[in-house]
Amino acid sequence: MNILSPTDLSVAMAIAGAALATYCLRLGGLLLAEHLPRNGGFKQFMEALPGTILLSLIAPGIFSAGFLGGVAALTTAACAWKTKNVLLAMVAGMGVVAAGRWLA
Amino acid sequence: MIAEIRKGAVANLPVGASVAAYGSVLGMLAAQKGISWLQLLVMNLFVFAGSAQFVMVDMWLPPLPILEMTLAVLVINMRYLLIGASLEPLFKGKSWLHKAGIIHLVADENWAVTMAAHRRNGTTTGFLLGGGLCLCTIWSTGTLLGHRLGALVTHPERFALDFAFVAVFTALTVSMWRGKRDIAPWVTAAILAVAVEHWLPGKWYIVIGGIGGALVPALQSSLNKPRRPAPASDSSVAEALMEENP
């Protein structure tokens with residue numbers, strides 16, 4: 001692998017960017033603990049963020065996926081809701097898609 | 001210290017099982033995207049944040065959209081600000097180097113396990129570090145195993161591997177549901193994400209949908225402020241984040 005090739009450079013930059021961003025947030029939270037607002041708008045925003053981010057990640061994919069994608073997403077969600085087990089829910093959703101394709 | 005590290009590592013083994021499985025899926029997806037095992041390992045060690053890594057791999061299409069990727073990771077990992085802040089009592093009086101070193105190995109799982117132990121009978125940064133070392137080892141092993149196996153799969157779509165990303169995140173999203181108060185932010189996020197994905201190129205819909213949705217309760221709270229000051233409670237943050245994966 002040639003470290004200086006443009007592809008490897010962009011890979012290194014992508015990983016370095018993600019690593020730096022994540023580390024700054026981790027350490028920043030610890031060091032700024034006393035200065036972060038404990039209530040009000042900021043707290044509401046930060047608490048709601050994990051859910052809205054994850055939903056934004058998947059919403060367009062499910063929306064544009066066909067009937068099979070929708071059924072599989074609903075199966076995954078129902079399974080996750082009932083069992084609280086992410087892994088099981090993932091396998092169930094993938095199973096629906098795999099089975100649907102096998103039958104088609 | 002060593003005893004505490006060992007205790008932390010053992011306490012994180014149960015949750016480690018799901019981390020390994022989840023990691024192997026990431027490894028398979030990474031292999032399909034042409035990411036080498038070495039690049040994946042470097043990513044595991046330096047980023048060490050599961051959901052962000054999944055998104056990076058999902059966005060991995062040369063030429064790599066470095067700015068979009070970094071921004072997406074920044075927003076997805078924004079919760080680490082809260083996680084870091086919640087650990088402040090544990091790190092009280094420790095040296096700067098101690099803080100800077102151990103905080104890197106804080107993931108959702110060992111954080112949750114440590115906070116639970118802390119509430120029961122107090123705990124140490126050694127316990128937290130032990131959990132981090134345990135999870136980082138399991139995470140890396142799982143992803144690399146998945147990567148090697150994934151390279152053998154010639155028709156990933158036959159096993160619905162291309163759906164794995166959506167499935168994992170659908171399940172994680174469900175675990176984030178906090179009740180009726182999430183209806184408005186979630187509907188906003190979904191509409192924004194779908195609309196932005198349609199009108200703007202790239203992955204900006206993640207950032208815009210996520211921030212736009214989360215602004216809804218923030219604005220509601222700001223508008224209600226004069227009448228009803230929100231009580232500070234750290235435990236609700238902990239509960240909201242408890243179900244998240246690494």
# chains A, B, ... in the order shown; residues from 1 in each chain; ligands from 1

$ select_by_dssp --residues "chain A" --states "alpha helix (DSSP H)" --output "PyMOL selection string"
chain A and resi 6-31+40-64+67-83+86-103

$ residues_around --residues "Thr7 (chain A)" --least-positions-apart "5" --cutoff "9 Å" --atoms "only C-alpha atoms" --output "JSON, numbers by chain"
{"A": [12], "B": [62, 63, 64]}

$ closest_atom_pairs --of "chain A" --to "chain B" --cutoff "7 Å" --atoms "only C-alpha atoms" --output "Markdown table"
| residue | atom | partner | partner_atom | distance |
| --- | --- | --- | --- | --- |
| A:Ser10 | CA | B:Leu64 | CA | 6.6 |
| A:Ala14 | CA | B:Ile66 | CA | 5.1 |
| A:Ile15 | CA | B:Met43 | CA | 6.0 |
| A:Gly17 | CA | B:Thr70 | CA | 5.5 |
| A:Ala18 | CA | B:Thr70 | CA | 5.1 |
| A:Ala19 | CA | B:Val47 | CA | 4.3 |
| A:Ala21 | CA | B:Leu74 | CA | 5.5 |
| A:Thr22 | CA | B:Asn77 | CA | 6.3 |
| A:Tyr23 | CA | B:His104 | CA | 6.2 |
| A:Leu25 | CA | B:Leu81 | CA | 5.1 |
| A:Arg26 | CA | B:Tyr80 | CA | 5.1 |
| A:Leu27 | CA | B:Ile103 | CA | 6.2 |
| A:Gly28 | CA | B:Leu81 | CA | 6.4 |
| A:Gly29 | CA | B:Leu81 | CA | 3.9 |
| A:Leu30 | CA | B:Gly84 | CA | 4.3 |
| A:Leu32 | CA | B:Ala85 | CA | 6.9 |
| A:Ala33 | CA | B:Ala85 | CA | 4.3 |
| A:Arg38 | CA | B:Ala232 | CA | 5.7 |
| A:Asn39 | CA | B:Ala232 | CA | 5.3 |
| A:Gly40 | CA | B:Ser221 | CA | 6.0 |
| A:Gly41 | CA | B:Ala218 | CA | 4.0 |
| A:Phe42 | CA | B:Ala218 | CA | 6.4 |
| A:Gln44 | CA | B:Ala218 | CA | 5.0 |
| A:Phe45 | CA | B:Ala214 | CA | 5.0 |
| A:Met46 | CA | B:Arg79 | CA | 6.6 |
| A:Glu47 | CA | B:Val237 | CA | 6.3 |
| A:Ala48 | CA | B:Ala214 | CA | 5.0 |
| A:Leu49 | CA | B:Ala214 | CA | 5.1 |
| A:Pro50 | CA | B:Arg79 | CA | 6.8 |
| A:Gly51 | CA | B:Met176 | CA | 5.2 |
| A:Thr52 | CA | B:Gly210 | CA | 4.7 |
| A:Ile53 | CA | B:Gly210 | CA | 4.0 |
| A:Leu54 | CA | B:Thr173 | CA | 5.5 |
| A:Leu55 | CA | B:Thr173 | CA | 6.0 |
| A:Ser56 | CA | B:Ala193 | CA | 5.2 |
| A:Leu57 | CA | B:Ile206 | CA | 5.3 |
| A:Ile58 | CA | B:Val166 | CA | 5.9 |
| A:Ala59 | CA | B:Ala190 | CA | 5.6 |
| A:Pro60 | CA | B:Val194 | CA | 4.7 |
| A:Ala73 | CA | B:Ala167 | CA | 6.6 |
| A:Thr76 | CA | B:Ala171 | CA | 6.1 |
| A:Ala77 | CA | B:Ala171 | CA | 5.6 |
| A:Ala80 | CA | B:Ala171 | CA | 5.2 |
| A:Trp81 | CA | B:Val174 | CA | 6.3 |
| A:Val86 | CA | B:Ala171 | CA | 5.4 |
| A:Leu87 | CA | B:Ser18 | CA | 6.7 |
| A:Ala89 | CA | B:Ala171 | CA | 6.2 |
| A:Met90 | CA | B:Ala167 | CA | 4.9 |
| A:Gly93 | CA | B:Ala167 | CA | 5.9 |
| A:Met94 | CA | B:Ala160 | CA | 5.4 |
| A:Val97 | CA | B:Ala160 | CA | 5.8 |
| A:Ala98 | CA | B:Ala160 | CA | 5.0 |

$ write_last_selection --atoms "N, CA and C atoms" --output "compact mmCIF listing (two decimals), in the first residue's frame"
# COMPACT_ATOMS: atom_id res chain seq x y z
N SER A 10 -6.82 10.45 1.27
CA SER A 10 -8.20 10.83 1.60
C SER A 10 -8.78 9.89 2.66
N ALA A 14 -10.15 11.17 6.17
CA ALA A 14 -11.52 10.85 6.61
C ALA A 14 -11.50 10.27 8.02
N ILE A 15 -10.57 9.33 8.25
CA ILE A 15 -10.50 8.70 9.57
C ILE A 15 -10.02 9.70 10.61
N GLY A 17 -10.34 12.95 10.58
CA GLY A 17 -11.40 13.91 10.85
C GLY A 17 -12.42 13.35 11.83
N ALA A 18 -12.84 12.11 11.57
CA ALA A 18 -13.84 11.47 12.45
C ALA A 18 -13.26 11.26 13.84
N ALA A 19 -11.99 10.83 13.89
CA ALA A 19 -11.36 10.56 15.18
C ALA A 19 -11.23 11.84 16.00
N ALA A 21 -12.96 14.68 15.68
CA ALA A 21 -14.28 15.19 16.06
C ALA A 21 -14.79 14.44 17.29
N THR A 22 -14.67 13.10 17.25
CA THR A 22 -15.20 12.29 18.34
C THR A 22 -14.43 12.54 19.64
N TYR A 23 -13.10 12.59 19.52
CA TYR A 23 -12.28 12.79 20.72
C TYR A 23 -12.55 14.15 21.35
N LEU A 25 -15.26 15.84 21.30
CA LEU A 25 -16.55 15.81 21.99
C LEU A 25 -16.43 15.10 23.33
N ARG A 26 -15.72 13.97 23.34
CA ARG A 26 -15.56 13.21 24.58
C ARG A 26 -14.85 14.04 25.64
N LEU A 27 -13.67 14.55 25.27
CA LEU A 27 -12.88 15.31 26.23
C LEU A 27 -13.56 16.64 26.54
N GLY A 28 -14.14 17.26 25.51
CA GLY A 28 -14.83 18.54 25.71
C GLY A 28 -15.94 18.43 26.74
N GLY A 29 -16.72 17.36 26.66
CA GLY A 29 -17.80 17.17 27.62
C GLY A 29 -17.27 17.08 29.03
N LEU A 30 -16.18 16.32 29.19
CA LEU A 30 -15.60 16.13 30.52
C LEU A 30 -15.04 17.44 31.07
N LEU A 32 -15.69 20.55 30.04
CA LEU A 32 -16.64 21.67 30.10
C LEU A 32 -17.85 21.36 30.97
N ALA A 33 -17.79 20.21 31.68
CA ALA A 33 -18.97 19.73 32.41
C ALA A 33 -19.67 20.83 33.21
N ARG A 38 -27.39 22.96 32.30
CA ARG A 38 -28.02 21.74 32.82
C ARG A 38 -29.52 21.71 32.56
N ASN A 39 -30.06 22.78 32.04
CA ASN A 39 -31.50 22.76 31.76
C ASN A 39 -31.78 23.70 30.59
N GLY A 40 -33.08 23.86 30.28
CA GLY A 40 -33.46 24.77 29.22
C GLY A 40 -33.26 24.18 27.83
N GLY A 41 -33.21 25.06 26.85
CA GLY A 41 -33.21 24.66 25.45
C GLY A 41 -32.06 23.75 25.07
N PHE A 42 -30.86 24.06 25.54
CA PHE A 42 -29.69 23.27 25.15
C PHE A 42 -29.83 21.82 25.61
N GLN A 44 -32.61 20.20 26.31
CA GLN A 44 -33.68 19.57 25.53
C GLN A 44 -33.15 19.14 24.17
N PHE A 45 -32.37 20.02 23.56
CA PHE A 45 -31.81 19.75 22.24
C PHE A 45 -30.90 18.52 22.29
N MET A 46 -30.00 18.49 23.26
CA MET A 46 -29.04 17.40 23.35
C MET A 46 -29.72 16.07 23.68
N GLU A 47 -30.78 16.14 24.47
CA GLU A 47 -31.47 14.90 24.82
C GLU A 47 -32.28 14.34 23.66
N ALA A 48 -32.81 15.25 22.83
CA ALA A 48 -33.62 14.78 21.71
C ALA A 48 -32.76 14.33 20.54
N LEU A 49 -31.52 14.81 20.49
CA LEU A 49 -30.66 14.60 19.32
C LEU A 49 -30.40 13.13 18.94
N PRO A 50 -30.05 12.25 19.90
CA PRO A 50 -29.75 10.88 19.46
C PRO A 50 -30.90 10.25 18.67
N GLY A 51 -32.13 10.45 19.13
CA GLY A 51 -33.28 9.87 18.43
C GLY A 51 -33.50 10.48 17.07
N THR A 52 -33.46 11.82 16.98
CA THR A 52 -33.76 12.47 15.70
C THR A 52 -32.66 12.18 14.67
N ILE A 53 -31.42 12.08 15.14
CA ILE A 53 -30.32 11.75 14.23
C ILE A 53 -30.52 10.38 13.62
N LEU A 54 -30.80 9.39 14.48
CA LEU A 54 -30.96 8.03 13.99
C LEU A 54 -32.14 7.94 13.03
N LEU A 55 -33.21 8.64 13.36
CA LEU A 55 -34.39 8.62 12.49
C LEU A 55 -34.07 9.26 11.14
N SER A 56 -33.34 10.36 11.16
CA SER A 56 -32.97 11.04 9.91
C SER A 56 -32.09 10.16 9.02
N LEU A 57 -31.27 9.34 9.69
CA LEU A 57 -30.41 8.42 8.96
C LEU A 57 -31.21 7.46 8.10
N ILE A 58 -32.29 6.92 8.68
CA ILE A 58 -33.00 5.83 8.02
C ILE A 58 -34.22 6.27 7.24
N ALA A 59 -34.82 7.42 7.62
CA ALA A 59 -36.11 7.80 7.01
C ALA A 59 -36.08 7.83 5.48
N PRO A 60 -35.12 8.50 4.84
CA PRO A 60 -35.15 8.53 3.38
C PRO A 60 -34.98 7.14 2.76
N ALA A 73 -38.63 -2.95 7.46
CA ALA A 73 -38.36 -1.94 8.48
C ALA A 73 -39.38 -2.04 9.62
N THR A 76 -38.52 -5.02 11.72
CA THR A 76 -37.37 -4.71 12.58
C THR A 76 -37.81 -3.87 13.78
N ALA A 77 -38.60 -2.82 13.49
CA ALA A 77 -39.04 -1.92 14.55
C ALA A 77 -39.89 -2.66 15.59
N ALA A 80 -37.69 -4.94 17.64
CA ALA A 80 -36.87 -4.17 18.57
C ALA A 80 -37.71 -3.69 19.75
N TRP A 81 -38.93 -3.27 19.46
CA TRP A 81 -39.84 -2.77 20.49
C TRP A 81 -40.19 -3.86 21.47
N VAL A 86 -31.39 -5.46 19.86
CA VAL A 86 -31.03 -4.87 18.57
C VAL A 86 -30.60 -5.94 17.57
N LEU A 87 -29.81 -6.88 18.07
CA LEU A 87 -29.29 -7.92 17.18
C LEU A 87 -30.41 -8.77 16.59
N ALA A 89 -33.54 -8.01 16.30
CA ALA A 89 -34.36 -7.19 15.41
C ALA A 89 -33.69 -7.05 14.04
N MET A 90 -32.38 -6.86 14.06
CA MET A 90 -31.65 -6.73 12.81
C MET A 90 -31.75 -8.01 11.97
N GLY A 93 -35.26 -8.30 10.43
CA GLY A 93 -35.44 -7.43 9.27
C GLY A 93 -34.71 -7.93 8.04
N MET A 94 -33.46 -8.36 8.25
CA MET A 94 -32.68 -8.88 7.13
C MET A 94 -33.30 -10.17 6.60
N VAL A 97 -36.10 -9.34 4.18
CA VAL A 97 -35.58 -8.91 2.87
C VAL A 97 -35.02 -10.09 2.09
N ALA A 98 -34.22 -10.93 2.78
CA ALA A 98 -33.61 -12.08 2.11
C ALA A 98 -34.69 -13.03 1.60

$ closest_residue --among "B:Ala184, B:Val153, B:Cys134, B:Leu200" --to "Gly16 (chain B)" --atoms "only C-alpha atoms"
B:Cys134

$ closest_residue --among "A:Cys24, A:Pro6, A:Met13, A:Thr75" --to "Gly95 (chain A)" --atoms "only C-alpha atoms"
A:Thr75

$ atom_distance --atom1 "CA of Gly130 (chain B)" --atom2 "CA of Ile2 (chain B)"
8.6 Å

$ atom_distance --atom1 "CA of Val15 (chain B)" --atom2 "CA of Asp108 (chain B)"
10.6 Å

$ residues_around --residues "Ala3 (chain B)" --least-positions-apart "6" --cutoff "10 Å" --atoms "only C-alpha atoms" --output "VMD selection string"
chain B and resid 9 126 to 127 130
